[in-house]
$ cat data-v2.txt   # compact mmCIF, C-alpha atoms
# COMPACT_ATOMS: atom_id res chain seq x y z
CA MET A 1 92.50 116.73 128.59
CA GLU A 2 92.40 113.16 127.56
CA GLN A 3 92.88 112.61 123.89
CA ARG A 4 91.15 109.66 122.37
CA ARG A 5 93.35 107.89 119.94
CA THR A 6 92.07 106.00 117.02
CA ASP A 7 93.35 103.25 114.79
CA GLU A 8 94.40 105.90 112.35
CA ASP A 9 96.68 107.43 114.98
CA TRP A 10 98.82 104.38 115.47
CA LYS A 11 98.84 103.69 111.76
CA ASN A 12 100.11 107.18 111.04
CA CYS A 13 102.65 106.89 113.82
CA PHE A 14 103.82 103.51 112.61
CA ALA A 15 103.96 104.60 109.00
CA GLN A 16 106.22 107.41 110.08
CA LEU A 17 108.50 105.42 112.38
CA GLY A 18 108.16 101.81 111.28
CA PRO A 19 110.87 101.57 108.61
CA ALA A 20 113.50 103.23 110.76
CA LEU A 21 112.46 101.12 113.75
CA LEU A 22 112.92 98.02 111.68
CA LEU A 23 116.32 99.24 110.57
CA PHE A 24 117.26 99.78 114.21
CA ALA A 25 115.97 96.35 115.27
CA ARG A 26 118.02 94.54 112.62
CA ARG A 27 121.05 94.81 114.81
CA TRP A 28 119.72 92.22 117.23
CA ALA A 29 117.87 90.01 114.82
CA ASN A 30 119.01 87.14 112.70
CA CYS A 31 116.54 87.87 109.99
CA ARG A 32 113.85 90.30 108.98
CA ALA A 33 111.13 88.20 110.61
CA ASP A 34 112.88 88.39 113.98
CA ALA A 35 113.34 92.13 113.57
CA GLU A 36 109.65 92.48 112.82
CA ASP A 37 108.78 90.49 115.94
CA ILE A 38 110.91 92.82 118.03
CA VAL A 39 109.36 95.91 116.48
CA GLN A 40 105.87 94.55 116.96
CA GLU A 41 106.43 93.77 120.61
CA ALA A 42 108.01 97.14 121.33
CA PHE A 43 105.50 99.18 119.38
CA VAL A 44 102.50 97.48 120.96
CA ARG A 45 103.94 98.03 124.42
CA PHE A 46 104.70 101.64 123.59
CA TRP A 47 101.29 102.36 122.16
CA ARG A 48 99.41 100.71 125.00
CA ARG A 49 101.16 102.89 127.50
CA ASP A 50 99.85 106.02 125.75
CA TYR A 51 103.23 107.49 125.14
CA SER A 52 103.16 110.31 122.70
CA LEU A 53 105.53 110.79 119.82
CA GLN A 54 107.23 113.50 121.79
CA ASN A 55 108.60 110.69 123.95
CA ARG A 56 109.54 108.55 121.02
CA ALA A 57 113.02 107.96 122.40
CA LEU A 58 111.15 105.60 124.72
CA LEU A 59 110.02 103.67 121.68
CA TYR A 60 113.61 103.01 120.63
CA ALA A 61 114.46 102.12 124.19
CA ALA A 62 111.54 99.70 124.09
CA VAL A 63 112.88 98.16 120.89
CA ARG A 64 116.26 97.70 122.48
CA SER A 65 114.73 96.29 125.64
CA ALA A 66 112.50 93.89 123.69
CA ALA A 67 115.47 92.75 121.63
CA LEU A 68 117.65 92.13 124.66
CA ASP A 69 114.80 90.34 126.45
CA ARG A 70 114.40 88.16 123.43
CA LEU A 71 118.08 87.32 123.36
CA ARG A 72 118.07 86.51 127.05
CA LYS A 73 115.07 84.27 126.63
CA GLU A 74 116.90 82.39 123.98
CA GLY A 75 119.63 81.79 126.53
CA ARG A 76 122.45 83.46 124.73
CA ARG A 77 124.46 86.42 125.67
CA ALA A 78 123.45 89.67 124.05
CA ARG A 79 126.87 90.46 122.72
CA ARG A 80 127.34 87.07 121.19
CA GLU A 81 123.93 87.30 119.63
CA ALA A 82 124.68 90.69 118.24
CA ASN A 83 127.84 89.37 116.67
CA VAL A 84 126.01 86.42 115.22
CA ALA A 85 123.36 88.74 113.91
CA ARG A 86 126.01 90.83 112.26
CA ASP A 87 128.26 88.14 110.90
CA GLY A 88 125.79 85.49 109.84
CA PRO A 89 124.45 84.90 106.36
CA GLU A 90 121.10 86.38 107.32
CA HIS A 91 119.63 89.73 106.33
CA ALA A 92 119.39 88.79 102.73
CA GLU A 93 116.75 91.49 102.46
CA PRO A 94 118.22 94.90 101.77
CA ALA A 95 118.08 97.44 104.56
CA PHE A 96 117.33 100.24 102.14
CA THR A 97 115.15 100.60 99.14
CA GLN A 98 116.87 100.81 95.82
CA LEU A 99 119.36 102.80 95.20
CA ASP A 100 121.69 103.89 92.52
CA GLU A 101 125.28 102.69 92.43
CA GLY A 102 126.66 105.38 94.71
CA GLN A 103 123.87 104.90 97.23
CA GLN A 104 124.43 101.16 97.18
CA LEU A 105 128.07 101.71 98.12
CA LEU A 106 127.01 104.00 100.92
CA ALA A 107 124.42 101.50 102.18
CA ASP A 108 127.02 98.73 102.14
CA ALA A 109 129.45 100.93 104.03
CA VAL A 110 126.79 101.60 106.68
CA GLU A 111 126.18 97.88 107.03
CA ARG A 112 129.88 97.31 107.59
CA LEU A 113 130.16 99.83 110.41
CA PRO A 114 130.77 98.44 113.91
CA ASP A 115 127.51 97.83 115.72
CA GLU A 116 128.00 100.58 118.25
CA GLN A 117 128.60 103.15 115.53
CA ARG A 118 125.93 101.91 113.19
CA GLU A 119 123.17 102.08 115.78
CA VAL A 120 124.06 105.68 116.61
CA VAL A 121 124.02 106.58 112.91
CA ILE A 122 120.67 104.86 112.45
CA LEU A 123 119.15 106.65 115.41
CA LYS A 124 120.57 110.00 114.34
CA ILE A 125 120.01 109.96 110.60
CA TRP A 126 116.86 107.95 110.04
CA ASN A 127 115.18 108.32 113.39
CA GLU A 128 116.24 111.93 113.92
CA LEU A 129 116.95 111.59 117.60
CA THR A 130 119.16 114.08 119.38
CA PHE A 131 122.38 112.95 121.01
CA ALA A 132 120.69 113.35 124.38
CA GLU A 133 117.91 111.00 123.31
CA ILE A 134 120.37 108.56 121.77
CA ALA A 135 122.34 108.56 124.99
CA ARG A 136 119.18 107.70 126.91
CA VAL A 137 118.18 104.95 124.52
CA LEU A 138 121.58 103.29 124.45
CA GLU A 139 122.41 104.04 128.09
CA ILE A 140 125.62 105.80 127.23
CA SER A 141 126.79 109.37 127.72
CA GLN A 142 126.01 112.10 125.23
CA ASN A 143 129.70 112.54 124.53
CA THR A 144 130.05 108.87 123.74
CA ALA A 145 127.08 109.01 121.40
CA ALA A 146 128.49 112.06 119.63
CA SER A 147 131.96 110.60 119.31
CA ARG A 148 130.62 107.30 117.95
CA TYR A 149 128.67 109.29 115.40
CA ARG A 150 131.75 111.24 114.37
CA TYR A 151 133.84 108.09 114.09
CA ALA A 152 131.14 106.46 111.98
CA LEU A 153 130.87 109.38 109.60
CA GLY A 154 134.63 109.56 109.40
CA ALA A 155 134.80 105.88 108.52
CA LEU A 156 132.06 106.26 105.92
CA LYS A 157 133.79 109.21 104.37
CA LYS A 158 137.07 107.35 104.21
CA THR A 159 135.38 104.36 102.66
CA LEU A 160 133.72 106.42 100.00
CA GLN A 161 136.60 108.69 99.11
CA PRO A 162 138.24 106.34 96.58
CA TYR A 163 135.01 106.34 94.65
CA GLU A 164 134.55 110.07 94.60
CA MET B 1 129.93 118.46 112.25
CA SER B 2 129.98 120.68 109.22
CA ASP B 3 132.64 118.48 107.58
CA PHE B 4 130.06 115.77 107.30
CA SER B 5 127.07 117.76 106.16
CA GLU B 6 127.28 116.45 102.61
CA LEU B 7 127.65 112.92 103.81
CA GLU B 8 124.71 113.34 106.17
CA ALA B 9 122.61 114.62 103.32
CA GLU B 10 123.58 111.60 101.23
CA LEU B 11 122.72 109.27 104.08
CA LYS B 12 119.32 110.88 104.51
CA LYS B 13 118.58 110.14 100.89
CA LEU B 14 118.74 106.45 101.65
CA ARG B 15 115.27 105.24 102.48
CA PRO B 16 114.95 102.31 104.89
CA ALA B 17 113.04 99.35 103.50
CA PRO B 18 109.32 99.72 104.12
CA VAL B 19 107.43 97.72 106.68
CA SER B 20 105.49 94.76 105.40
CA ALA B 21 101.72 94.77 105.38
CA GLU B 22 101.85 91.59 107.41
CA LEU B 23 103.61 93.35 110.27
CA ARG B 24 101.03 96.12 110.24
CA ALA B 25 98.28 93.53 110.37
CA ARG B 26 99.98 91.75 113.27
CA ILE B 27 100.29 95.01 115.21
CA ALA B 28 96.65 95.82 114.54
CA GLY B 29 95.68 92.39 115.83
CA ALA B 30 97.88 92.75 118.94
CA LEU B 31 96.47 96.18 119.74
CA ALA B 32 92.97 94.80 119.45
CA GLN B 33 93.73 92.28 122.19
CA PRO B 34 93.42 93.27 125.86
CA ASP B 35 96.63 94.28 127.56
CA PRO B 36 97.97 91.21 129.39
CA ALA B 37 100.56 93.03 131.49
CA PRO B 38 99.64 96.64 132.19
CA THR B 39 103.13 97.85 133.05
CA ALA B 40 105.37 95.34 131.38
CA GLY B 41 108.61 96.67 130.15
CA LEU B 42 107.99 100.31 129.48
CA LEU B 43 107.32 102.03 132.73
CA PRO B 44 110.52 102.94 134.49
CA ARG B 45 111.19 101.00 137.63
CA ARG B 46 110.44 102.88 140.78
CA ARG B 47 113.60 103.89 142.48
CA ARG B 48 114.15 102.53 145.90
CA ARG B 49 114.52 105.31 148.40
CA ILE B 50 116.01 104.81 151.77
CA ASN B 51 113.72 105.93 154.55
CA PHE B 52 116.23 107.24 157.04
CA TRP B 53 113.60 107.57 159.75
CA SER B 54 112.74 103.91 159.53
CA LEU B 55 116.37 102.97 159.27
CA GLY B 56 117.32 105.07 162.28
CA LEU B 57 114.46 103.83 164.40
CA GLY B 58 115.15 100.27 163.37
CA LEU B 59 118.81 100.55 164.27
CA ALA B 60 117.98 102.24 167.53
CA GLY B 61 115.49 99.53 168.37
CA ALA B 62 118.00 96.86 167.52
CA ALA B 63 120.62 98.57 169.65
CA ALA B 64 118.18 98.78 172.53
CA LEU B 65 117.38 95.11 172.25
CA VAL B 66 121.05 94.27 172.26
CA LEU B 67 121.56 96.39 175.34
CA VAL B 68 118.70 94.65 177.07
CA TRP B 69 120.01 91.32 176.00
CA LEU B 70 123.44 92.02 177.35
CA GLY B 71 121.95 93.26 180.60
CA ARG B 72 123.80 96.50 180.53
CA PHE B 73 121.11 98.50 182.22
CA PRO B 74 121.72 99.35 185.83
CA GLN B 75 120.96 96.30 187.84
CA ILE B 76 119.30 96.83 191.16
CA PRO B 77 120.08 93.99 193.49
CA GLN B 78 117.07 91.84 194.06
CA SER B 79 117.33 92.13 197.81
CA GLN B 80 117.03 95.90 197.51
CA SER B 81 114.03 96.11 195.26
CA PRO B 82 111.41 95.47 197.95
CA ALA B 83 112.84 98.39 199.79
CA ILE B 84 112.28 100.53 196.76
CA ALA B 85 108.63 99.65 196.60
CA GLN B 86 108.02 100.03 200.27
CA GLY B 87 110.03 103.17 200.61
CA ASN B 88 107.60 104.97 198.38
CA GLU B 89 104.28 104.93 200.08
CA THR B 90 102.37 106.46 197.25
CA GLY B 91 103.46 103.77 194.89
CA MET B 92 104.94 106.32 192.57
CA ALA B 93 108.14 105.41 190.83
CA GLN B 94 111.20 107.47 191.14
CA PRO B 95 114.13 107.80 188.81
CA PRO B 96 116.68 105.02 189.07
CA SER B 97 119.26 107.22 190.67
CA LEU B 98 116.87 108.11 193.48
CA GLN B 99 115.74 104.58 193.86
CA ARG B 100 119.22 103.41 194.15
CA ALA B 101 119.96 106.08 196.72
CA GLU B 102 116.93 105.13 198.78
CA SER B 103 117.56 101.47 198.53
CA VAL B 104 120.86 101.82 200.30
CA GLY B 105 119.13 102.46 203.55
CA GLU B 106 116.20 100.12 203.03
CA THR B 107 117.72 96.89 201.97
CA GLU B 108 116.60 95.13 205.11
CA THR B 109 112.88 95.68 204.75
CA GLY B 110 112.35 92.60 202.54
CA GLY B 111 109.12 91.55 200.85
CA PRO B 112 108.11 91.44 197.20
CA GLY B 113 108.60 94.60 195.15
CA LEU B 114 109.37 96.04 191.77
CA ARG B 115 112.19 94.54 189.82
CA PRO B 116 113.83 96.08 186.82
CA SER B 117 112.55 94.33 183.75
CA ARG B 118 113.41 96.41 180.72
CA LEU B 119 115.51 99.26 179.50
CA THR B 120 115.20 100.69 176.04
CA ARG B 121 117.27 103.45 174.64
CA VAL B 122 116.13 105.04 171.39
CA VAL B 123 118.73 107.19 169.71
CA PHE B 124 116.69 109.66 167.74
CA HIS B 125 119.38 112.13 166.87
CA ARG B 126 123.08 111.90 166.34
CA ARG B 127 125.15 114.95 165.65
CA ASP B 128 128.80 114.85 164.76
CA GLU B 129 130.16 118.14 166.06
CA GLY B 130 133.54 117.68 164.48
CA LEU B 131 136.98 117.94 165.99
CA ILE B 132 137.64 119.86 169.17
CA PHE B 133 140.74 120.48 171.23
CA SER B 134 140.24 119.67 174.80
CA PRO B 135 141.87 122.11 177.23
CA ASN B 136 143.35 119.17 179.10
CA GLN B 137 144.57 117.31 176.06
CA SER B 138 145.52 120.13 173.81
CA GLU B 139 147.97 118.09 171.74
CA ARG B 140 145.43 115.60 170.58
CA PRO B 141 142.15 116.54 168.95
CA LEU B 142 138.94 114.80 169.89
CA ARG B 143 135.89 114.08 167.83
CA ARG B 144 132.73 115.07 169.67
CA VAL B 145 129.53 113.22 168.85
CA ARG B 146 126.33 114.12 170.64
CA PHE B 147 123.53 111.60 170.91
CA ALA B 148 120.01 112.54 171.86
CA THR B 149 118.23 109.55 173.29
CA ARG B 150 115.00 108.63 174.91
CA ASP B 151 115.48 106.10 177.67
CA THR B 152 112.69 104.05 179.03
CA MET B 153 113.09 101.98 182.16
CA GLN B 154 110.53 99.55 183.34
CA TRP B 155 110.05 97.75 186.61
CA ARG B 156 107.70 94.94 187.27
CA ASN B 157 106.43 93.27 190.37
CA PRO B 158 106.47 89.56 189.59
CA LEU B 159 103.92 88.77 192.30
CA THR B 160 101.26 91.33 191.60
CA GLY B 161 102.05 91.98 187.95
CA ALA B 162 102.19 95.71 188.62
CA SER B 163 104.61 97.53 186.44
CA LEU B 164 106.13 100.92 186.36
CA ARG B 165 107.67 102.70 183.45
CA VAL B 166 109.69 105.86 183.35
CA THR B 167 110.67 107.59 180.16
CA TYR B 168 113.01 110.51 180.04
CA PRO B 169 115.13 112.27 177.46
CA ALA B 170 118.86 112.06 177.75
CA GLU B 171 121.86 113.40 176.01
CA GLN B 172 125.17 111.71 175.71
CA VAL B 173 128.39 113.20 174.46
CA VAL B 174 131.07 110.87 173.24
CA LEU B 175 134.61 112.12 172.81
CA THR B 176 136.87 109.98 170.70
CA PRO B 177 140.55 110.75 170.35
CA VAL B 178 141.54 111.17 166.74
CA SER B 179 144.81 109.99 165.37
CA PHE B 180 146.26 111.41 162.18
CA GLN B 181 148.72 108.64 161.51
$ encode --input "data-v2.txt" --output "structure tokens"
Amino acid sequence: MEQRRTDEDWKNCFAQLGPALLLFARRWANCRADAEDIVQEAFVRFWRRDYSLQNRALLYAAVRSAALDRLRKEGRRARREANVARDGPEHAEPAFTQLDEGQQLLADAVERLPDEQREVVILKIWNELTFAEIARVLEISQNTAASRYRYALGALKKTLQPYE
Amino acid sequence: MSDFSELEAELKKLRPAPVSAELRARIAGALAQPDPAPTAGLLPRRRRRINFWSLGLGLAGAAALVLVWLGRFPQIPQSQSPAIAQGNETGMAQPPSLQRAESVGETETGGPGLRPSRLTRVVFHRRDEGLIFSPNQSERPLRRVRFATRDTMQWRNPLTGASLRVTYPAEQVVLTPVSFQ
């Protein structure tokens, strides 16, 4: 039962997943162009291997793998790169489309989350992965993924409370 | 997670920035190209599995080679070996124990004969039978390990090039005193 896939298939798939993939890839990239390169590499690899959307956790794993490969090729340690990516003056482009005042505060609070928590939130909220899938993508346990998510939401709630 | 349901709903309202048309065009171009590396990156690496048969046979072979190297197989004195060959008129080999027994009385016959050239011992099964209490050494337990082996002995006549090989199964039980200190 081989299904022939057309150009429209990948376009639909990418239209559905692309923005959240890009959001996920920002963690390892210094700028939007780098994030796009990572997403391109991962998506092309994913699509060529005929993985279906039911296995889309593999796509996020591919993004992570492509990003780490890229960092290694550049000869810098992944952690250091991630910190640079987070702390640098890059990412002038907003991660989210606009936004009223309250949403802007929330988006800023998400950006300020620690990397480990932010990536779990991104995978859970905007990519709609289960904790089991997140655990597989990030190579951590399900409990760790769930607790990072809880900590992140707790931190966001605390951040936003003064404004409520 | 119900405490956060409102917050989750607010987060879901945030829409990630859309993908640029340029990226879509680049992906379309890349997908139009032939795949340069058919399995790069995505396919999980095949797990290495240990083949215990190969490992066991390899270790047994190595052990046999070491035994041969060290010359630990029963050496038949060279002066006796002609007697072994001549003592058996049919030319049939006999087990080493018999040969040795015969050779005692035939050492004086002389002449070229079969000489031991190789011994291999392949351990194909090892079973740890656990601790036992020997009736003689009841205070101290012993660990009993049973080895099933296949021994092959080979003799060769250096003058004629004739060789003889005997293979037989054997079983060896090793008792090792166990200390609980």
$ residues_around --input "data-v2.txt" --residues "A:Ala25" --least-positions-apart "5" --cutoff "8 Å" --atoms "only C-alpha atoms" --output "PyMOL selection string"
chain A and resi 35-36+38-39+63-64+67
$ closest_residue --input "data-v2.txt" --among "A:Ala29, A:Ala146, A:Leu129, A:Val120" --to "chain B" --atoms "all atoms listed in the file"
A:Ala146
$ residues_around --input "data-v2.txt" --residues "B:Leu131" --least-positions-apart "5" --cutoff "10 Å" --atoms "all atoms listed in the file" --output "list in words"
Arg140, Pro141, Leu142, Arg143, Arg144, Val145, Leu175, Thr176, Pro177 and Val178 of chain B
$ closest_atom_pairs --input "data-v2.txt" --of "chain A" --to "chain B" --cutoff "9 Å" --atoms "all atoms listed in the file" --output "tab-separated table"
residue	atom	partner	partner_atom	distance
A:Asp7	CA	B:Ala28	CA	8.1
A:Trp10	CA	B:Ala28	CA	8.9
A:Lys11	CA	B:Arg24	CA	8.0
A:Phe14	CA	B:Arg24	CA	8.2
A:Ala15	CA	B:Val19	CA	8.0
A:Gly18	CA	B:Val19	CA	6.2
A:Pro19	CA	B:Pro18	CA	5.1
A:Ala20	CA	B:Pro16	CA	6.1
A:Leu22	CA	B:Val19	CA	7.4
A:Leu23	CA	B:Pro16	CA	6.6
A:Glu36	CA	B:Leu23	CA	6.6
A:Asp37	CA	B:Leu23	CA	8.2
A:Val39	CA	B:Leu23	CA	8.8
A:Gln40	CA	B:Ile27	CA	5.9
A:Glu41	CA	B:Ile27	CA	8.3
A:Ala42	CA	B:Leu42	CA	8.7
A:Phe43	CA	B:Ile27	CA	7.9
A:Val44	CA	B:Leu31	CA	6.3
A:Arg45	CA	B:Leu42	CA	6.9
A:Phe46	CA	B:Leu42	CA	6.9
A:Trp47	CA	B:Leu31	CA	8.2
A:Arg48	CA	B:Asp35	CA	7.5
A:Arg49	CA	B:Leu42	CA	7.6
A:Leu58	CA	B:Leu42	CA	7.8
A:Leu59	CA	B:Leu42	CA	8.7
A:Ala61	CA	B:Leu42	CA	8.6
A:Ala62	CA	B:Leu42	CA	6.5
A:Ser65	CA	B:Gly41	CA	7.6
A:Ala66	CA	B:Gly41	CA	8.0
A:Glu93	CA	B:Ala17	CA	8.8
A:Pro94	CA	B:Ala17	CA	7.0
A:Ala95	CA	B:Ala17	CA	5.5
A:Phe96	CA	B:Pro16	CA	4.2
A:Thr97	CA	B:Ala17	CA	5.0
A:Gln98	CA	B:Arg15	CA	8.2
A:Leu99	CA	B:Leu14	CA	7.4
A:Gln103	CA	B:Leu14	CA	6.9
A:Gln104	CA	B:Leu14	CA	9.0
A:Leu106	CA	B:Leu11	CA	7.5
A:Ala107	CA	B:Leu14	CA	7.6
A:Ile125	CA	B:Lys12	CA	6.2
A:Trp126	CA	B:Lys12	CA	6.7
A:Arg150	CA	B:Met1	CA	7.7
A:Leu153	CA	B:Phe4	CA	6.8
A:Gly154	CA	B:Phe4	CA	8.0
A:Leu156	CA	B:Leu7	CA	8.3
A:Lys157	CA	B:Leu7	CA	7.2
$ residues_near_point --input "data-v2.txt" --point "(128.0, 105.4, 118.8)" --cutoff "7 Å" --atoms "all atoms listed in the file" --output "CSV table (one decimal) with C-alpha atoms, in the frame of the given file"
chain,number,residue,atom,x,y,z
A,116,GLU,CA,128.0,100.6,118.2
A,117,GLN,CA,128.6,103.2,115.5
A,118,ARG,CA,125.9,101.9,113.2
A,119,GLU,CA,123.2,102.1,115.8
A,120,VAL,CA,124.1,105.7,116.6
A,144,THR,CA,130.0,108.9,123.7
A,145,ALA,CA,127.1,109.0,121.4
A,146,ALA,CA,128.5,112.1,119.6
A,147,SER,CA,132.0,110.6,119.3
A,148,ARG,CA,130.6,107.3,118.0
A,149,TYR,CA,128.7,109.3,115.4
$ atom_distance --input "data-v2.txt" --atom1 "atom CA of B:Asn157" --atom2 "atom CA of B:Leu119"
15.4 Å
$ atom_distance --input "data-v2.txt" --atom1 "atom CA of A:Ala109" --atom2 "atom CA of A:Gln161"
11.6 Å
$ atom_distance --input "data-v2.txt" --atom1 "atom CA of A:Asn143" --atom2 "atom CA of A:Asn55"
21.2 Å
$ residues_near_point --input "data-v2.txt" --point "(114.4, 110.1, 114.8)" --cutoff "10 Å" --atoms "all atoms listed in the file" --output "mmCIF file with C-alpha atoms, keeping the file's coordinate frame"
data_model
loop_
_atom_site.group_PDB
_atom_site.id
_atom_site.type_symbol
_atom_site.label_atom_id
_atom_site.label_comp_id
_atom_site.auth_asym_id
_atom_site.auth_seq_id
_atom_site.Cartn_x
_atom_site.Cartn_y
_atom_site.Cartn_z
ATOM 1 C CA GLN A 16 106.220 107.410 110.080
ATOM 2 C CA LEU A 17 108.500 105.420 112.380
ATOM 3 C CA ALA A 20 113.500 103.230 110.760
ATOM 4 C CA LEU A 21 112.460 101.120 113.750
ATOM 5 C CA ARG A 56 109.540 108.550 121.020
ATOM 6 C CA ALA A 57 113.020 107.960 122.400
ATOM 7 C CA TYR A 60 113.610 103.010 120.630
ATOM 8 C CA ILE A 122 120.670 104.860 112.450
ATOM 9 C CA LEU A 123 119.150 106.650 115.410
ATOM 10 C CA LYS A 124 120.570 110.000 114.340
ATOM 11 C CA ILE A 125 120.010 109.960 110.600
ATOM 12 C CA TRP A 126 116.860 107.950 110.040
ATOM 13 C CA ASN A 127 115.180 108.320 113.390
ATOM 14 C CA GLU A 128 116.240 111.930 113.920
ATOM 15 C CA LEU A 129 116.950 111.590 117.600
ATOM 16 C CA THR A 130 119.160 114.080 119.380
ATOM 17 C CA GLU A 133 117.910 111.000 123.310
ATOM 18 C CA ILE A 134 120.370 108.560 121.770
#
$ closest_residue --input "data-v2.txt" --among "A:Glu111, A:Glu8, A:Glu139, A:Asp69" --to "A:Arg26" --atoms "only C-alpha atoms"
A:Glu111
